[in-house]
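To start, the structure under review is shown below, and the notes come after it.
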Amino acid sequence: MSEAVAGEHTRDESSLYVMIWGWLIFLLIAGLAIFVLPISKALAAFLIFSIAAVKAALVIRNYMHLKHEHLLIYLIVLIPLLFFFGFMMTLIPDIVYRHAMGM
Amino acid sequence: MSAAQASAGTTMAPEVVETDSLHQIPLGKVAIWWFLASEIMVFGGLITSYLLMMFAHGGFAEQAVHVKWKLGALNTLVLLTSSMTMILALASARKKDLEKTRMFLGITVLLGLTFLVIKIFFEYIPEIGEGFTPASGMFWSFYFGMTGLHGVHVFGGIVANFCLFVYTMRKVDWSLLERRVEYAGLYWHFVDVVWIFLFPLLYLT
């Protein structure tokens, strides 16, 4: 009985993985549709990267099983991400300001 | 060695602990996530530099017009599908289904090779033939640098997955196979996540 339950669980897992793949492909097509649409570049960039973030979250949470992992694993991933965003947020305003001022 | 064994004059090999753990997480898993964290710094640094140079210097859009975005989209499809087959390989390993594990690992290797073939033969070589090289401008330096580094990572993943594929050709230790497929899978999915961001950055925006 327990083997049958375990088998059912793993069949459900496989179905979930295929469903996630379906969503990833749908989001890929959506991103490409936004790329070819005649909308402003800034809006297109925002939407395309938002879609990319959703795709990445689907892969990380479901394929990399991060949603089931211990807090330690979250910290190992989070800290370099915070460094990366910190560097960007620190430097980009300065660079954009200098570029706007023609420096 | 117990006192009884010592008094009997017998010796036993020291007990081997199969896996150590940190907060009940297998050390191998902690190690692979630690490695991926270092890779976040590498690719994060490159992406940050690209964004800073794009804002500071401009002219990237004019150069980026020449990248082959349809092939980039095809490669994204290939890599996303390979992520699915990699996780299905893990699911099969957990079910102790050797044939399916081997099949999905083999498909993952083939899809990885497809990615590299498209990248090298249908993008890099024609682009270089058209006169776009790493020395052609800042955008092209970043394009070849970032996609090239990513390609090297894809190749490393292909090698790891191929080794696992070969391992499944004979009688396996299931707990060992499951762990190795899981850790190789974590690396492969990370490579996919990096491409999920590189594709729009270099091809679409």
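Identifiers in this document derive from the order of the structure tokens: chains are assigned A, B, ..., residues are numbered from 1 separately in each chain, and ligands are numbered from 1 in order of occurrence.
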
Contact check, chain B to chain A, at most 7 Å, counting only C-alpha atoms, closest pairs as a Markdown table:
```
| residue | atom | partner | partner_atom | distance |
| --- | --- | --- | --- | --- |
| B:Trp33 | CA | A:Ile76 | CA | 6.9 |
| B:Trp34 | CA | A:Ile76 | CA | 6.3 |
| B:Ala37 | CA | A:Val77 | CA | 5.5 |
| B:Ile40 | CA | A:Pro80 | CA | 6.5 |
| B:Met41 | CA | A:Pro80 | CA | 6.0 |
| B:Gly44 | CA | A:Phe84 | CA | 5.7 |
| B:Gly45 | CA | A:Phe84 | CA | 6.8 |
| B:Thr48 | CA | A:Met88 | CA | 5.9 |
| B:Leu52 | CA | A:Ile92 | CA | 6.1 |
| B:Phe55 | CA | A:Val96 | CA | 6.0 |
| B:Ala56 | CA | A:His99 | CA | 5.6 |
| B:Leu77 | CA | A:Ile25 | CA | 6.9 |
| B:Thr81 | CA | A:Trp21 | CA | 6.9 |
| B:Met84 | CA | A:Trp21 | CA | 6.3 |
| B:Ile87 | CA | A:Tyr63 | CA | 6.1 |
| B:Leu88 | CA | A:Ser14 | CA | 6.3 |
| B:Ala91 | CA | A:Thr10 | CA | 6.6 |
| B:Leu186 | CA | A:Met64 | CA | 5.7 |
| B:His189 | CA | A:Met64 | CA | 6.8 |
| B:Val193 | CA | A:Ala56 | CA | 5.5 |
| B:Ile196 | CA | A:Ala52 | CA | 6.0 |
| B:Phe197 | CA | A:Ala52 | CA | 6.2 |
| B:Pro200 | CA | A:Ile48 | CA | 6.9 |
| B:Leu204 | CA | A:Phe35 | CA | 6.4 |
| B:Thr205 | CA | A:Ala45 | CA | 6.0 |
```

Can you write just those residues out, C-alpha atoms, as a CSV table (one decimal), in the first residue's frame?
```csv
chain,number,residue,atom,x,y,z
B,33,TRP,CA,24.4,25.5,-3.3
B,34,TRP,CA,27.5,27.2,-2.0
B,37,ALA,CA,26.2,31.1,-4.7
B,40,ILE,CA,25.7,34.1,-8.7
B,41,MET,CA,28.5,36.5,-7.9
B,44,GLY,CA,25.7,38.9,-11.2
B,45,GLY,CA,28.9,40.9,-11.6
B,48,THR,CA,25.8,44.6,-13.3
B,52,LEU,CA,26.3,50.1,-16.0
B,55,PHE,CA,23.7,53.3,-19.1
B,56,ALA,CA,27.1,55.1,-19.2
B,77,LEU,CA,13.2,26.5,-25.6
B,81,THR,CA,13.0,21.5,-22.0
B,84,MET,CA,12.3,19.4,-17.5
B,87,ILE,CA,14.1,16.9,-13.1
B,88,LEU,CA,12.3,14.0,-14.7
B,91,ALA,CA,12.0,11.7,-10.4
B,186,LEU,CA,20.7,21.8,-9.3
B,189,HIS,CA,18.8,24.3,-13.5
B,193,VAL,CA,18.1,30.3,-14.8
B,196,ILE,CA,16.5,33.0,-18.6
B,197,PHE,CA,18.0,36.4,-17.7
B,200,PRO,CA,16.2,39.1,-22.7
B,204,LEU,CA,15.3,41.4,-26.5
B,205,THR,CA,16.2,44.7,-24.8
```

Straight-line distance linking atom CA of A:Leu66 with atom CA of B:Tyr50, stated in Å to one decimal
28.2 Å

DSSP alpha helix (DSSP H) selection over stretch 12-197 of chain B, as a PyMOL selection string
chain B and resi 27-57+60-64+69-94+98-117+125-129+138-167+174-197

If we count only C-alpha atoms and set the cut-off at 12 Å, which residues sit around B:Glu127, ignoring sequence neighbours fewer than 2 positions away in its own chain? Please answer as a list of chain:residue names.
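Once the adjacent positions are removed, what remains is B:Gln63, B:Ala64, B:Val65, B:His66, B:Val67, B:Lys68, B:Lys119, B:Ile120, B:Phe121, B:Phe122, B:Glu123, B:Tyr124, B:Ile125, B:Gly129, B:Glu130, B:Gly131, B:Phe132, B:Thr133, B:Pro134, B:Ser136, B:Trp140, B:Tyr143, B:Phe144.
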
Find the residues around stretch 149-154 of chain B up to 8 Å (only C-alpha atoms counted), leave out those fewer than 4 positions away in its own chain, and share them as a ChimeraX atom specification.
/B:112,116,145,158,188,191,194-195

Interatomic distance (Å, one decimal) between atom CA of B:Thr114 and atom CA of B:Ser82
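Between these atoms lies a distance of 10.1 Å.
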